[in-house]
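Novice: File name run_18.txt; file contents compact mmCIF, C-alpha atoms; full text below.
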```txt
# COMPACT_ATOMS: atom_id res chain seq x y z
CA MET A 161 47.57 -25.91 -40.79
CA LYS A 162 47.23 -27.09 -37.22
CA ARG A 163 48.20 -24.44 -34.73
CA PHE A 164 48.50 -26.51 -31.58
CA MET A 165 51.97 -25.29 -30.67
CA LYS A 166 52.27 -21.80 -29.24
CA ARG A 167 53.31 -18.96 -31.43
CA ILE A 168 56.99 -18.33 -32.11
CA ILE A 169 57.60 -14.64 -32.43
CA CYS A 170 60.68 -13.31 -34.16
CA ALA A 171 61.28 -9.66 -33.42
CA VAL A 172 64.47 -7.71 -33.00
CA LEU A 173 63.52 -6.41 -29.56
CA VAL A 174 62.52 -9.83 -28.22
CA LEU A 175 65.83 -11.30 -29.28
CA ALA A 176 67.68 -8.45 -27.63
CA LEU A 177 65.76 -8.85 -24.39
CA ALA A 178 66.30 -12.61 -24.34
CA ALA A 179 70.02 -12.16 -24.83
CA SER A 180 70.27 -9.62 -22.06
CA ALA A 181 68.23 -11.79 -19.70
CA LEU A 182 70.68 -14.65 -19.80
CA THR A 183 72.88 -14.72 -16.74
CA GLY A 184 76.38 -13.66 -17.71
CA CYS A 185 79.65 -15.32 -16.90
CA PHE A 186 81.62 -14.11 -13.93
CA PRO A 187 84.67 -12.08 -15.07
CA SER A 188 88.16 -12.72 -13.74
CA ALA A 189 87.04 -15.11 -11.05
CA GLU A 190 88.52 -18.47 -10.11
CA ASN A 191 85.03 -19.86 -9.58
CA ASN A 192 83.34 -19.18 -12.92
CA THR A 193 79.68 -19.25 -11.90
CA ASP A 194 76.63 -17.11 -12.46
CA SER A 195 74.86 -16.89 -9.12
CA ALA A 196 76.10 -15.75 -5.76
CA GLY A 197 76.28 -17.61 -2.52
CA LYS A 198 77.79 -20.70 -1.03
CA GLY A 199 74.63 -21.77 0.77
CA ASN A 200 73.71 -19.67 3.78
CA SER A 201 72.56 -21.28 6.99
CA ALA A 202 68.92 -20.97 7.93
CA GLY A 203 67.85 -17.47 8.84
CA THR A 204 67.37 -16.36 12.40
CA GLY A 205 64.12 -17.65 13.85
CA ASN A 206 63.54 -20.30 11.16
CA SER A 207 62.38 -23.73 12.20
CA THR A 208 62.27 -27.24 10.79
CA ASN A 209 59.39 -28.10 13.13
CA ILE A 210 56.41 -27.10 11.02
CA GLY A 211 53.92 -25.08 13.03
CA SER A 212 56.25 -24.30 15.94
CA LEU A 213 56.54 -20.61 14.99
CA GLN A 214 52.81 -19.90 15.07
CA GLY A 215 52.05 -17.22 17.65
CA GLN A 216 55.69 -16.11 17.88
CA THR A 217 57.13 -12.82 16.71
CA ASN A 218 60.02 -12.16 14.35
CA PRO A 219 63.23 -11.95 16.45
CA ASN A 220 65.00 -9.81 13.84
CA ASP A 221 65.20 -6.08 14.46
CA VAL A 222 63.13 -3.95 12.11
CA SER A 223 66.36 -2.17 11.05
CA LYS A 224 67.24 -5.32 9.09
CA TYR A 225 64.32 -4.59 6.73
CA PRO A 226 65.10 -1.14 5.25
CA LEU A 227 63.53 0.16 2.04
CA SER A 228 66.96 0.80 0.53
CA ILE A 229 70.50 -0.48 1.08
CA GLU A 230 73.74 1.07 -0.15
CA ASP A 231 77.23 -0.41 0.11
CA ARG A 232 80.47 0.21 -1.82
CA ASP A 233 82.99 -1.48 0.44
CA ILE A 234 84.29 -3.87 -2.24
CA PRO A 235 86.12 -2.45 -5.29
CA ASN A 236 83.94 -2.43 -8.44
CA LEU A 237 80.93 -3.79 -6.52
CA ILE A 238 78.21 -1.15 -6.18
CA ILE A 239 75.16 -2.12 -4.15
CA LYS A 240 72.51 0.58 -4.21
CA VAL A 241 69.28 -1.37 -4.02
CA ASN A 242 65.67 -0.40 -3.56
CA VAL A 243 64.03 -3.15 -1.54
CA HIS A 244 60.66 -4.13 -3.03
CA MET A 245 58.17 -5.74 -0.65
CA PRO A 246 54.35 -5.73 -0.49
CA ASP A 247 52.94 -2.58 1.10
CA HIS A 248 52.44 -2.84 4.86
CA TYR A 249 54.11 -6.24 4.93
CA ASP A 250 53.68 -8.01 8.28
CA LEU A 251 57.19 -8.94 9.47
CA ASN A 252 55.64 -11.34 12.01
CA ARG A 253 54.06 -13.42 9.24
CA VAL A 254 55.42 -16.97 9.10
CA LEU A 255 56.49 -17.55 5.51
CA THR A 256 56.19 -21.05 4.06
CA THR A 257 57.66 -23.07 1.24
CA VAL A 258 54.97 -25.50 0.13
CA SER A 259 55.06 -28.61 -2.01
CA ALA A 260 52.71 -28.46 -4.98
CA GLU A 261 51.66 -30.27 -8.09
CA PRO A 262 50.45 -29.05 -11.48
CA LYS A 263 46.76 -28.21 -11.40
CA SER A 264 44.57 -30.55 -13.41
CA TRP A 265 41.22 -29.61 -14.91
CA ASP A 266 38.09 -31.18 -16.28
CA ARG A 267 39.07 -30.40 -19.86
CA SER A 268 35.69 -31.30 -21.36
CA GLN A 269 33.89 -28.94 -18.98
CA ILE A 270 36.19 -26.04 -19.85
CA VAL A 271 36.00 -26.68 -23.60
CA SER A 272 32.21 -26.93 -23.50
CA ALA A 273 31.78 -23.76 -21.42
CA VAL A 274 34.07 -21.58 -23.57
CA ALA A 275 33.04 -23.08 -26.95
CA ASN A 276 29.42 -22.17 -26.14
CA GLY A 277 27.89 -24.37 -28.84
CA ARG A 278 30.77 -24.43 -31.32
CA ALA A 279 31.72 -27.96 -32.33
CA VAL A 280 35.02 -29.69 -31.60
CA THR A 281 36.34 -30.87 -34.97
CA GLU A 282 39.60 -32.47 -33.89
CA GLU A 283 41.24 -33.74 -30.71
CA SER A 284 44.86 -34.77 -30.21
CA SER A 285 47.28 -35.56 -27.42
CA GLY A 286 50.92 -36.46 -26.99
CA GLU A 287 54.05 -36.00 -24.93
CA ASN A 288 56.06 -32.81 -24.61
CA SER A 289 59.20 -33.97 -22.81
CA GLY A 290 58.13 -37.37 -21.51
CA PRO A 291 55.29 -39.49 -20.11
CA ASP A 292 54.82 -37.10 -17.15
CA ASP A 293 54.53 -34.10 -19.46
CA LYS A 294 51.54 -34.60 -21.77
CA PHE A 295 49.47 -32.16 -23.81
CA TYR A 296 45.87 -32.29 -25.01
CA SER A 297 44.50 -30.16 -27.84
CA TYR A 298 40.96 -29.45 -29.09
CA GLU A 299 40.22 -27.56 -32.31
CA LEU A 300 36.83 -25.95 -32.97
CA ASN A 301 34.94 -25.42 -36.20
CA ASP A 302 36.00 -21.76 -36.38
CA ASN A 303 39.73 -22.66 -36.11
CA SER A 304 40.02 -21.52 -32.51
CA TYR A 305 41.61 -24.11 -30.24
CA PHE A 306 42.41 -25.16 -26.67
CA ARG A 307 45.65 -26.57 -25.33
CA PHE A 308 46.21 -28.19 -21.94
CA SER A 309 49.42 -29.45 -20.36
CA ASN A 310 50.94 -29.71 -16.86
CA GLY A 311 49.41 -26.83 -14.91
CA CYS A 312 48.64 -24.95 -18.13
CA ALA A 313 45.39 -24.23 -19.95
CA GLY A 314 44.87 -21.95 -22.92
CA TYR A 315 42.33 -20.89 -25.51
CA TYR A 316 43.38 -19.11 -28.72
CA THR A 317 41.34 -17.66 -31.58
CA GLU A 318 42.44 -17.21 -35.16
CA ALA A 319 42.55 -13.43 -34.61
CA ALA A 320 44.80 -13.80 -31.56
CA ASP A 321 47.26 -15.80 -33.64
CA GLU A 322 47.14 -13.55 -36.69
CA TYR A 323 47.63 -10.24 -34.91
CA GLU A 324 50.20 -11.46 -32.36
CA TYR A 325 48.55 -9.92 -29.29
CA ASP A 326 50.96 -11.74 -26.99
CA PHE A 327 53.97 -10.01 -28.52
CA TYR A 328 52.95 -6.60 -27.21
CA PHE A 329 52.63 -7.81 -23.64
CA ASP A 330 55.55 -10.27 -23.70
CA THR A 331 57.91 -7.57 -24.95
CA PHE A 332 57.27 -5.29 -21.99
CA GLU A 333 56.08 -7.72 -19.31
CA ASN A 334 59.03 -7.09 -17.02
CA ASN A 335 59.16 -3.35 -17.69
CA LYS A 336 56.06 -1.94 -16.01
CA ASP A 337 56.98 1.65 -16.98
CA SER A 338 56.86 0.76 -20.67
CA LEU A 339 53.60 -1.15 -20.22
CA GLN A 340 52.02 1.91 -18.65
CA LYS A 341 53.51 4.19 -21.30
CA PHE A 342 52.09 2.25 -24.24
CA PHE A 343 49.02 0.58 -22.75
CA GLY A 344 48.13 2.48 -19.59
CA ASN A 345 44.82 2.88 -17.85
CA THR A 346 42.91 4.28 -20.81
CA ASP A 347 39.62 2.96 -22.15
CA ILE A 348 38.94 1.69 -25.66
CA ASP A 349 35.94 3.22 -27.42
CA GLY A 350 33.23 0.64 -27.95
CA ILE A 351 34.70 -2.05 -25.67
CA SER A 352 33.54 -2.17 -22.07
CA ARG A 353 36.36 -2.54 -19.57
CA GLY A 354 33.80 -3.90 -17.10
CA ASP A 355 32.66 -6.60 -19.55
CA ALA A 356 36.28 -7.62 -20.11
CA ILE A 357 36.94 -7.98 -16.38
CA ASP A 358 33.64 -9.85 -15.90
CA LYS A 359 34.66 -12.36 -18.58
CA ALA A 360 38.07 -12.79 -16.96
CA ASN A 361 36.48 -13.41 -13.56
CA GLU A 362 34.09 -15.90 -15.13
CA LEU A 363 37.09 -17.83 -16.48
CA ILE A 364 38.83 -17.68 -13.08
CA ALA A 365 35.78 -19.33 -11.53
CA LEU A 366 35.66 -21.92 -14.31
CA LEU A 367 39.34 -22.79 -13.79
CA GLY A 368 39.00 -22.79 -10.00
CA ILE A 369 41.94 -20.45 -9.35
CA GLY A 370 40.26 -17.65 -7.44
CA ASP A 371 42.21 -18.43 -4.26
CA ILE A 372 45.62 -17.72 -5.80
CA VAL A 373 45.05 -14.76 -8.14
CA GLY A 374 45.82 -11.17 -7.19
CA ALA A 375 44.21 -7.93 -8.34
CA PRO A 376 44.05 -7.58 -12.14
CA GLN A 377 46.19 -5.22 -14.18
CA VAL A 378 44.29 -4.01 -17.25
CA TYR A 379 46.09 -2.72 -20.33
CA ALA A 380 44.41 -1.15 -23.36
CA LEU A 381 45.91 -2.37 -26.64
CA SER A 382 45.04 0.48 -28.99
CA ALA A 383 45.61 0.27 -32.74
CA GLU A 384 47.70 3.44 -32.65
CA ASN A 385 50.19 2.13 -30.09
CA ALA A 386 50.25 -1.40 -31.50
CA ASN A 387 51.10 -0.08 -34.98
CA TYR A 388 53.82 2.18 -33.58
CA ILE A 389 55.49 -0.80 -31.86
CA ARG A 390 54.98 -2.97 -34.95
CA GLN A 391 56.87 -0.47 -37.10
CA GLU A 392 59.47 0.53 -34.50
CA PHE A 393 60.57 -3.04 -33.86
CA GLN A 394 59.92 -4.49 -37.34
CA MET A 395 57.68 -7.24 -36.01
CA GLU A 396 57.57 -10.52 -37.88
CA ASP A 397 55.48 -13.64 -37.39
CA LYS A 398 56.87 -17.17 -37.13
CA TYR A 399 57.11 -17.37 -40.93
CA GLY A 400 59.20 -14.21 -41.21
CA ASP A 401 56.34 -12.14 -42.60
CA ALA A 402 55.41 -8.71 -41.28
CA VAL A 403 52.70 -8.78 -38.64
CA PRO A 404 49.46 -7.30 -40.06
CA GLU A 405 48.65 -3.69 -39.33
CA TRP A 406 45.96 -3.14 -36.72
CA GLY A 407 42.68 -1.32 -37.17
CA ALA A 408 39.96 -0.50 -34.66
CA GLU A 409 38.61 -4.07 -34.96
CA GLN A 410 41.82 -5.48 -33.48
CA GLU A 411 41.80 -3.29 -30.36
CA ALA A 412 41.47 -5.18 -27.08
CA TYR A 413 42.05 -5.21 -23.35
CA TYR A 414 44.91 -7.33 -22.07
CA ILE A 415 44.15 -8.37 -18.48
CA VAL A 416 46.82 -9.89 -16.27
CA TYR A 417 46.18 -11.53 -12.92
CA PRO A 418 49.42 -12.18 -11.01
CA MET A 419 49.49 -15.35 -8.95
CA GLN A 420 49.97 -14.78 -5.22
CA HIS A 421 51.33 -16.75 -2.27
CA GLN A 422 51.05 -15.22 1.19
CA THR A 423 50.61 -11.71 -0.30
CA LEU A 424 53.70 -12.16 -2.53
CA SER A 425 53.31 -11.89 -6.30
CA ALA A 426 54.96 -14.47 -8.52
CA MET A 427 58.10 -13.49 -10.43
CA GLY A 428 57.56 -13.05 -14.17
CA LEU A 429 60.73 -14.89 -15.18
CA THR A 430 61.64 -18.49 -15.92
CA GLY A 431 65.05 -20.04 -15.56
CA SER A 432 67.29 -23.02 -14.90
CA LEU A 433 68.71 -24.25 -11.61
CA GLU A 434 71.53 -26.72 -11.04
CA THR A 435 69.10 -29.63 -10.68
CA GLY A 436 65.91 -28.28 -12.22
CA GLY A 437 64.34 -24.95 -12.93
CA PHE A 438 61.68 -22.41 -12.02
CA TYR A 439 58.54 -21.26 -13.76
CA SER A 440 56.69 -17.98 -14.02
CA THR A 441 52.99 -18.29 -13.26
CA ALA A 442 50.13 -15.98 -14.25
CA PHE A 443 46.65 -15.82 -15.73
CA ARG A 444 46.06 -13.62 -18.80
CA VAL A 445 42.97 -12.74 -20.81
CA ILE A 446 42.58 -10.84 -24.09
CA TYR A 447 39.11 -9.38 -24.70
CA GLY A 448 38.20 -7.50 -27.88
CA ARG A 449 35.21 -6.24 -29.84
CA SER A 450 34.06 -9.77 -30.63
CA GLY A 451 34.49 -10.93 -27.04
CA LEU A 452 37.07 -13.39 -25.74
CA LEU A 453 40.11 -13.65 -28.01
CA GLU A 454 42.45 -15.63 -25.78
CA PHE A 455 43.10 -16.82 -22.26
CA GLU A 456 46.19 -18.44 -20.87
CA ALA A 457 46.78 -19.96 -17.42
CA ASP A 458 50.50 -20.68 -17.05
CA ASN A 459 52.03 -23.09 -14.54
CA ILE A 460 49.08 -23.12 -12.14
CA TYR A 461 49.42 -25.33 -9.08
CA ASP A 462 47.57 -26.99 -6.24
CA LEU A 463 49.30 -26.53 -2.89
CA LYS A 464 50.01 -29.65 -0.85
CA GLU A 465 52.15 -29.64 2.32
CA THR A 466 54.35 -27.07 4.04
CA VAL A 467 57.97 -28.22 3.79
CA GLN A 468 59.74 -25.21 5.33
CA GLU A 469 58.70 -22.22 7.37
CA GLY A 470 60.34 -19.19 8.89
CA PHE A 471 60.18 -15.46 9.42
CA LEU A 472 61.22 -13.32 6.49
CA TYR A 473 64.98 -13.57 5.90
CA PRO A 474 66.35 -10.01 6.20
CA PRO A 475 67.38 -8.19 3.01
CA THR A 476 70.43 -6.84 4.86
CA ASP A 477 71.59 -10.44 5.23
CA VAL A 478 71.07 -11.03 1.50
CA VAL A 479 73.33 -8.06 0.77
CA ALA A 480 75.86 -9.34 3.33
CA GLY A 481 75.89 -12.67 1.47
CA ILE A 482 76.58 -10.93 -1.85
CA LYS A 483 79.46 -9.02 -0.25
CA GLU A 484 80.88 -12.19 1.27
CA TYR A 485 80.77 -13.93 -2.10
CA PHE A 486 82.70 -11.14 -3.80
CA SER A 487 85.11 -10.52 -0.93
CA ASP A 488 87.77 -12.80 -2.47
CA VAL A 489 86.95 -12.04 -6.12
CA ILE A 490 88.72 -9.53 -8.36
CA LEU A 491 86.13 -7.78 -10.52
CA ASP A 492 87.59 -6.30 -13.69
CA SER A 493 84.41 -4.32 -14.43
CA VAL A 494 81.85 -2.54 -12.28
CA LEU A 495 78.89 -4.62 -11.09
CA TRP A 496 75.77 -2.71 -10.06
CA PHE A 497 72.90 -4.07 -7.97
CA SER A 498 69.94 -1.67 -7.99
CA ASN A 499 66.83 -3.66 -7.02
CA LEU A 500 66.09 -6.43 -4.53
CA SER A 501 62.61 -7.93 -4.81
CA LEU A 502 60.62 -10.16 -2.49
CA THR A 503 58.68 -12.52 -4.73
CA TYR A 504 58.09 -16.23 -5.19
CA VAL A 505 58.86 -18.89 -7.76
CA VAL A 506 57.51 -22.30 -8.70
CA THR A 507 60.45 -24.71 -8.80
CA TYR A 508 60.77 -28.25 -10.15
CA GLU A 509 63.39 -30.98 -10.27
CA ASN A 510 64.58 -32.46 -13.56
CA ASP A 511 63.81 -36.00 -12.39
CA SER A 512 60.16 -35.18 -11.62
CA LEU A 513 58.36 -32.54 -13.64
CA THR A 514 55.17 -32.97 -11.61
CA LYS A 515 56.65 -32.40 -8.14
CA TRP A 516 56.78 -28.65 -7.67
CA LYS A 517 57.54 -26.28 -4.82
CA VAL A 518 56.14 -22.81 -4.24
CA GLU A 519 59.01 -20.91 -2.67
CA PRO A 520 59.30 -17.27 -1.47
CA VAL A 521 62.61 -15.76 -2.59
CA TRP A 522 64.69 -12.61 -2.64
CA PHE A 523 65.73 -11.93 -6.25
CA THR A 524 68.18 -9.48 -7.77
CA GLN A 525 70.25 -9.17 -10.92
CA GLY A 526 73.48 -7.20 -10.89
CA LYS A 527 74.40 -5.53 -14.17
CA PHE A 528 77.98 -5.34 -15.37
CA GLN A 529 79.12 -1.91 -16.51
CA GLU A 530 81.92 -2.63 -18.95
CA ASP A 531 82.76 1.05 -19.38
CA PRO A 532 82.64 3.16 -16.17
CA THR A 533 81.67 6.21 -18.26
CA ASP A 534 78.81 4.38 -20.00
CA GLU A 535 75.59 5.62 -18.37
CA LYS A 536 73.53 3.31 -20.59
CA ALA A 537 75.32 0.26 -19.19
CA LYS A 538 74.97 1.56 -15.65
CA LYS A 539 71.21 1.69 -16.08
CA GLY A 540 71.18 -1.93 -17.18
CA THR A 541 70.27 -1.59 -20.85
CA SER A 542 73.55 -3.13 -21.93
CA GLY A 543 76.19 -5.37 -20.40
CA ARG A 544 76.05 -8.77 -18.72
CA MET A 545 74.08 -9.70 -15.63
CA PHE A 546 74.73 -11.63 -12.43
CA THR A 547 71.77 -13.34 -10.78
CA VAL A 548 71.18 -13.81 -7.06
CA MET A 549 68.23 -15.82 -5.73
CA VAL A 550 67.96 -16.53 -2.00
CA SER A 551 65.22 -18.38 -0.14
CA ALA A 552 63.23 -15.81 1.85
CA VAL A 553 62.32 -18.61 4.27
CA THR A 554 65.69 -20.18 5.07
CA GLY A 555 68.27 -17.75 3.67
CA GLU A 556 69.83 -20.51 1.57
CA THR A 557 71.16 -19.58 -1.85
CA ILE A 558 69.29 -21.10 -4.79
CA PRO A 559 71.92 -21.66 -7.50
CA VAL A 560 70.64 -20.16 -10.78
CA THR A 561 72.32 -21.18 -14.04
CA SER A 562 70.29 -19.10 -16.50
CA VAL A 563 67.34 -16.71 -16.61
CA ALA A 564 64.97 -15.81 -19.42
CA ARG A 565 61.51 -14.31 -19.76
```
Please express the file's structure as C-alpha cells.

Specialist:
Amino acid sequence: MKRFMKRIICAVLVLALAASALTGCFPSAENNTDSAGKGNSAGTGNSTNIGSLQGQTNPNDVSKYPLSIEDRDIPNLIIKVNVHMPDHYDLNRVLTTVSAEPKSWDRSQIVSAVANGRAVTEESSGENSGPDDKFYSYELNDNSYFRFSNGCAGYYTEAADEYEYDFYFDTFENNKDSLQKFFGNTDIDGISRGDAIDKANELIALLGIGDIVGAPQVYALSAENANYIRQEFQMEDKYGDAVPEWGAEQEAYYIVYPMQHQTLSAMGLTGSLETGGFYSTAFRVIYGRSGLLEFEADNIYDLKETVQEGFLYPPTDVVAGIKEYFSDVILDSVLWFSNLSLTYVVTYENDSLTKWKVEPVWFTQGKFQEDPTDEKAKKGTSGRMFTVMVSAVTGETIPVTSVAR
C-alpha cells in the first residue's frame, strides 16, 4: 500500500489535546469572537519608512518590558503572566516583518543523497489544495519514501511508520516539561548522540537551511518510556490497531531544530486567521540504531523583502489591549492569562498559498475556569481558551479564529 500521505494517529490523548487547543467561544458577550483586540495603532517608534530606524534607540522605557505582569482590575479577568522573551534580548533591535515564499529544493539531489544507492521504484505528483499547492513523492526499493510540497520536505522509513515515532513527540511538543520528563537529556546505549547530530547537520546543509535553524533539542526515545506512553494512552495506528511494542531496536534520538527569525523561535502551533492562517515551522530528525529513520522540514521559507519594521511592541501595551477589550464585556466565568510569549509565525492568505509573511508576534491563550474552586481548570488542563495574537512590530491585533497543534 502506498504510504505517500502522512500518518494519521488516533490516540485518546491527541484527541483531547486537539479539542483543548481550539479557541473557545466568548461567553456572555455581545461580540461573540475568539481573539482580543480591535486593531491597535502602530506601536511607539514604529515606522513605515523601511530602514529609517537603523541607528536609533527604542523610545519606550525599559519598565514597559517586565518579566511578569499582574492585573485584576476587571471582574473575572485574571492577568498574571510570565513574559517569555529570548535571554538578554536587545530592546534596541529593529524587528521586521518580512515577505517570504515557500522554499523550493532540487528534489533529485536530495533523493539521491539520502537514498545513497537505493533505487527509486515509483514517482508521483499531484495537487493538495490547488495548482499552487503541489506534492511530489518518490518511493524507494526498501519501501522508504520522500514527500515534497510547498516549503516542506520529508523522508520516512518503514520503521518510522510502523512504530509511530512522531506520536511521542507530537503529543508533548508544546509541553516542554513532559518532553524532558519522558525523553530528557539521557543517552541511549549503543547509539551515538554525536553521530545523530552529525547526520542532522548534514541534512541541514543538504537542504540549505543553516541560516534559519536554532540550537538543536535532543530527546532520547527509550523503549521503556515509549512503551509506558503506548499503554497509558492506548495508542492506535491509523487502522485502529494497537501500535507495536518497542524493543531496544526501536530506540532512537529525536532531534528538533527550531526555526529562528531575529533570535526569536517559531511558535509550534498552527491556526486559522480571518483571511488566511499561520503555520508552525521546524526541522526534525529521527536517528536510530540503523541510522536515519526520518527527517521532516515543515513550512520552510526563503525571506524576500522587509514589509514592516519597528522596535519591540511593549508587553504592557499588549496587556492594556486585553483589558480594553474586556472593559465592556461581562464575563460569566473566570478567565486566566498566565503566559505571554514573544515568538514568530509564518502567515499566508487564502487567495495565495505561496505568498507568506514571517511575522514576530506576542502570543497568549487565556484559559476559562468554569468552576472557581476547580484548581485543575485554573492550571489550564480543562476549560475553554481565548487566544490573543498581536504583532510585535506594529502592535496591531491579528484576528485568530482557531488554533491547533

Novice: Mind pulling up the distance from CA of Leu463 (chain A) to CA of Val271 (chain A)?

Specialist: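 Going from CA of Val271 (chain A) over to CA of Leu463 (chain A), I get 24.6 Å.
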
Novice: Would you work out the distance separating CA of Ile446 (chain A) from CA of Tyr414 (chain A), expressed in Å to one decimal?

Specialist: 4.7 Å

Novice: Between A:Leu300, A:Leu500, A:Asn252, A:Gly407, which is the closest to Asn276 (chain A) once you count all atoms listed in the file?

Specialist: A:Leu300

Novice: Pick out the residues sitting within 7 Å of region 342-354 of chain A, and hand them over as a list of chain:residue names; count all atoms listed in the file, and ignore anything fewer than 5 positions along from it in its own chain.

Specialist: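 My reading of the contact set: A:Val378, A:Tyr379, A:Ala380, A:Leu381, A:Asn385, A:Gly448, A:Arg449.
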
Novice: Pick from A:Asn301, A:Ser450, A:Asn236, A:Asn459: nearest to Ala260 (chain A), with only C-alpha atoms counted?

Specialist: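 Answer, going by the shortest atom-to-atom distance: A:Asn459.
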
Novice: Could you please determine the separation between CA of Gly374 (chain A) and CA of Val416 (chain A) in Å, to one decimal place?

Specialist: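 Separation between CA of Gly374 (chain A) and CA of Val416 (chain A): 9.2 Å.
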
Novice: When distances are computed from only C-alpha atoms, which of A:Phe327, A:Asp355, A:Thr423, A:Leu237 shows the smallest separation from Ile389 (chain A)?

Specialist: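 For Ile389 (chain A), the nearest of the candidates is A:Phe327.
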
Novice: Which residues come within 12 Å of Ala279 (chain A), counting all atoms listed in the file, excluding same-chain residues fewer than 4 positions away, as a list in words?

Specialist: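 The filter keeps Val271, Ser272, Ala273, Val274, Ala275, Glu283, Tyr298, Glu299, Leu300, Asn301, Asp302, Asn303, Ser304 and Tyr305 of chain A.
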
Novice: Counting only C-alpha atoms, which residue out of A:Tyr225, A:Tyr447, A:Tyr439, A:Tyr249 sits closest to Pro262 (chain A)?

Specialist: A:Tyr439

Novice: With all atoms listed in the file as the counted atoms, please give the residues lying no more than 9 Å from region 505-517 of chain A, apart from itself and same-chain residues fewer than 3 positions off, as an NGL selection string.

Specialist: :A and (257-262 or 292-293 or 310 or 426-430 or 433 or 435-441 or 459 or 461 or 463 or 467 or 520-521)

Novice: Within 7 Å of Lys263 (chain A), counting only C-alpha atoms, which residues show up once you throw out same-chain ones fewer than 4 positions away? Write them as a VMD selection string, please.

Specialist: chain A and resid 311 460 to 462

Novice: With distances taken over only C-alpha atoms, which residue among A:Thr217, A:Thr256, A:Asn387, A:Ser228 lies nearest Pro475 (chain A)?

Specialist: A:Ser228

Novice: Here is a test: counting all atoms listed in the file, which residue of A:Leu366, A:Ala360, A:Ile239, A:Met545 is nearest to Val445 (chain A)?

Specialist: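 Checking each of A:Leu366, A:Ala360, A:Ile239, A:Met545 against Val445 (chain A), counting all atoms listed in the file, the winner is A:Ala360.
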
Novice: At a cut-off of 9 Å from (35.8, -30.7, -9.0) in the coordinates of the file, what residues are picked up using all atoms listed in the file, written as a VMD selection string?

Specialist: chain A and resid 265 to 266 368

Novice: Would you put the residues from that selection into a file with C-alpha atoms, as a CSV table (one decimal), in the frame of the given file?

Specialist:
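Dumped everything to selection05.csv:
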```
chain,number,residue,atom,x,y,z
A,265,TRP,CA,41.2,-29.6,-14.9
A,266,ASP,CA,38.1,-31.2,-16.3
A,368,GLY,CA,39.0,-22.8,-10.0
```

Novice: Excluding Phe308 (chain A) and residues on its chain fewer than 2 positions from it, collect all residues at most 8 Å away from it, counting only C-alpha atoms, and give them as a PDB file with C-alpha atoms, in the frame of the given file.

Specialist:
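The resulting file, around.pdb, is shown below:
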```pdb
ATOM      1  CA  ARG A 267      39.070 -30.400 -19.860  1.00  0.00           C
ATOM      2  CA  PHE A 295      49.470 -32.160 -23.810  1.00  0.00           C
ATOM      3  CA  TYR A 296      45.870 -32.290 -25.010  1.00  0.00           C
ATOM      4  CA  SER A 297      44.500 -30.160 -27.840  1.00  0.00           C
ATOM      5  CA  PHE A 306      42.410 -25.160 -26.670  1.00  0.00           C
ATOM      6  CA  ASN A 310      50.940 -29.710 -16.860  1.00  0.00           C
ATOM      7  CA  GLY A 311      49.410 -26.830 -14.910  1.00  0.00           C
ATOM      8  CA  CYS A 312      48.640 -24.950 -18.130  1.00  0.00           C
ATOM      9  CA  ALA A 313      45.390 -24.230 -19.950  1.00  0.00           C
ATOM     10  CA  GLY A 314      44.870 -21.950 -22.920  1.00  0.00           C
TER      11      GLY A 314
END
```

Novice: Taking the partial coordinates given, rebuild region 269-281 of chain A to contain N, CA and C atoms; return it as an mmCIF file, in the coordinates of the input.

Specialist:
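So the final result, stored in out.cif, reads:
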```
data_model
loop_
_atom_site.group_PDB
_atom_site.id
_atom_site.type_symbol
_atom_site.label_atom_id
_atom_site.label_comp_id
_atom_site.auth_asym_id
_atom_site.auth_seq_id
_atom_site.Cartn_x
_atom_site.Cartn_y
_atom_site.Cartn_z
ATOM 1 N N GLN A 269 34.739 -29.994 -19.541
ATOM 2 C CA GLN A 269 33.890 -28.940 -18.980
ATOM 3 C C GLN A 269 34.351 -27.565 -19.444
ATOM 4 N N ILE A 270 35.658 -27.337 -19.443
ATOM 5 C CA ILE A 270 36.190 -26.040 -19.850
ATOM 6 C C ILE A 270 35.944 -25.798 -21.337
ATOM 7 N N VAL A 271 36.218 -26.813 -22.157
ATOM 8 C CA VAL A 271 36.000 -26.680 -23.600
ATOM 9 C C VAL A 271 34.540 -26.382 -23.898
ATOM 10 N N SER A 272 33.638 -27.113 -23.257
ATOM 11 C CA SER A 272 32.210 -26.930 -23.500
ATOM 12 C C SER A 272 31.749 -25.534 -23.088
ATOM 13 N N ALA A 273 32.223 -25.064 -21.923
ATOM 14 C CA ALA A 273 31.780 -23.760 -21.420
ATOM 15 C C ALA A 273 32.263 -22.625 -22.317
ATOM 16 N N VAL A 274 33.514 -22.673 -22.766
ATOM 17 C CA VAL A 274 34.070 -21.580 -23.570
ATOM 18 C C VAL A 274 33.605 -21.683 -25.027
ATOM 19 N N ALA A 275 33.476 -22.909 -25.557
ATOM 20 C CA ALA A 275 33.040 -23.080 -26.950
ATOM 21 C C ALA A 275 31.618 -22.576 -27.141
ATOM 22 N N ASN A 276 30.775 -22.732 -26.121
ATOM 23 C CA ASN A 276 29.420 -22.170 -26.140
ATOM 24 C C ASN A 276 28.661 -22.565 -27.414
ATOM 25 N N GLY A 277 28.644 -23.855 -27.704
ATOM 26 C CA GLY A 277 27.890 -24.370 -28.840
ATOM 27 C C GLY A 277 28.714 -24.643 -30.080
ATOM 28 N N ARG A 278 29.908 -24.104 -30.179
ATOM 29 C CA ARG A 278 30.770 -24.430 -31.320
ATOM 30 C C ARG A 278 31.248 -25.879 -31.203
ATOM 31 N N ALA A 279 31.402 -26.530 -32.331
ATOM 32 C CA ALA A 279 31.720 -27.960 -32.330
ATOM 33 C C ALA A 279 33.224 -28.193 -32.294
ATOM 34 N N VAL A 280 33.632 -29.234 -31.572
ATOM 35 C CA VAL A 280 35.020 -29.690 -31.600
ATOM 36 C C VAL A 280 35.200 -30.542 -32.853
ATOM 37 N N THR A 281 36.127 -30.154 -33.713
ATOM 38 C CA THR A 281 36.340 -30.870 -34.970
ATOM 39 C C THR A 281 37.531 -31.814 -34.920
#
```
